[in-house]
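Engineer: Pasting a structure below so you can have a look.
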Amino acid sequence: MGLTTPRTGGLLALALVIALLPLAFQNNYHYDVAIHIIINAAVVVGLNLLIGYAGQISLGHAAFFGLGAYTSAILTANHGWPPLAALGAGAAGVGLLAFLIGQPILRLKGHYLAMATLGFGIIISIVLNTESALTGGPDGMVVPAFTLLGGSLYGEKSWYWVFGGLLVLVTWLALNIIDSPVGRALRGVHGSEVAAQV
């Protein structure tokens, strides 16, 4: 494979942009904006697998993203869990919830699927905004610094490199999924769900 393929050339270009972008930053605000862009880019990579490759319209993607974030934040801030354990529990909990909700919702097709996922997203948004005692409401919540092996991660510059590395990793994983049997199955569903089931 040459450097022009998405797996190598595109991934190297992404890593290069992430590595060189801080040269243009003038203050921490620029780092903060870049962090938000990187986080959303990672979410979009997952959404691309669902909508772009599988052709399934889901409008509830942000709900799962928010639930995972709030679960790990609540476990860390209110229950004293170590950050990595809280992240793992949040991911596992949201994965289980997605599996349970996906069983009935994925029987729907087309606009009905989109409306069901939209409804789920709206319900989660309302809950996260109104349960201020638990989530802090629209203002959010204070979470302790991320600690790992006795050290703390804080500051925009540190988080930029963490999330930049995670975006490259997520993109690499997605490219591997696309070229795997699972990726071929996703493309098959996009072409024809009936043919894919057969």
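Starting from 1 in every chain, residues are counted up; chains themselves are A, B, ... following the order of the structure tokens, and ligands are numbered from 1 as listed.
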Report as a ChimeraX atom specification: the residues of segment 26-198 of chain A with a DSSP assignment of helix (DSSP H, G or I), based on the backbone of this structure.

Structural biologist: /A:28-53,61-79,83-105,110-130,132-135,137-139,156-178,181-191,193-197

Engineer: Give me the residues near Ile178 of chain A as a VMD selection string, where near means some atom within 9 Å (using only C-alpha atoms) and where sequence neighbours in that chain fewer than 5 positions away do not count.

Structural biologist: chain A and resid 49 53 173 183 to 184 186 to 187

Engineer: For atom CA of Gly90 of chain A and atom CA of Leu59 of chain A, quote the distance in Å rounded to one decimal.

Structural biologist: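 Atom-to-atom, atom CA of Gly90 of chain A to atom CA of Leu59 of chain A, that is 20.5 Å.
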
Engineer: Rank A:Leu20, A:Val143, A:Leu14, A:Leu100 by their smallest atom-to-atom distance to Ala41 of chain A, using only C-alpha atoms, and report the top residue only.

Structural biologist: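 Closest to Ala41 of chain A, using only C-alpha atoms: A:Leu14.
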
Engineer: Which residues of segment 44-155 of chain A come within 12 Å of segment 165-168 of chain A, and for each one, what is the closest pair of atoms and their distance in Å to one decimal, counting only C-alpha atoms, sorted by chain and residue number, as CSV?

Structural biologist:
```
residue,atom,partner,partner_atom,distance
A:Val44,CA,A:Leu167,CA,10.4
A:Val45,CA,A:Leu167,CA,8.9
A:Gly46,CA,A:Leu167,CA,11.0
```

Engineer: Which distance in Å separates atom CA of Arg7 of chain A and atom CA of Thr171 of chain A, to one decimal?

Structural biologist: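 Separating atom CA of Arg7 of chain A from atom CA of Thr171 of chain A is a distance of 8.9 Å.
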
Engineer: Which is closest to Ser152 of chain A among A:Met115, A:Pro82, A:Ile37, A:Ser125, if we use only C-alpha atoms?

Structural biologist: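 That would be A:Pro82, the residue with the smallest distance to Ser152 of chain A.
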
Engineer: Please identify all polymer residues within 7 Å of segment 161-164 of chain A, counting only C-alpha atoms, omitting same-chain residues fewer than 5 positions from it, and present them as a CSV table (one decimal) with C-alpha atoms, in the first residue's frame.

Structural biologist:
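Listing of around-v3.csv after writing:
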```
chain,number,residue,atom,x,y,z
A,18,ILE,CA,-2.3,17.3,14.8
A,35,ILE,CA,-9.7,20.0,21.8
A,38,ILE,CA,-10.9,16.7,18.0
A,39,ILE,CA,-13.4,15.2,20.4
```

Engineer: Fewer than 5 positions away in the same chain doesn't count, so skip those; otherwise give me all residues within 8 Å of segment 146-149 of chain A, counting only C-alpha atoms, as a short mmCIF file (atom, residue, chain, number, x, y, z; two decimals) with C-alpha atoms, in the first residue's frame.

Structural biologist:
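Dumped everything to around01.cif:
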```
data_model
loop_
_atom_site.label_atom_id
_atom_site.label_comp_id
_atom_site.auth_asym_id
_atom_site.auth_seq_id
_atom_site.Cartn_x
_atom_site.Cartn_y
_atom_site.Cartn_z
CA PRO A 82 -10.44 6.19 39.80
CA PRO A 83 -10.71 7.97 36.42
CA LEU A 84 -9.73 4.96 34.26
CA TYR A 154 -4.34 19.27 33.51
#
```
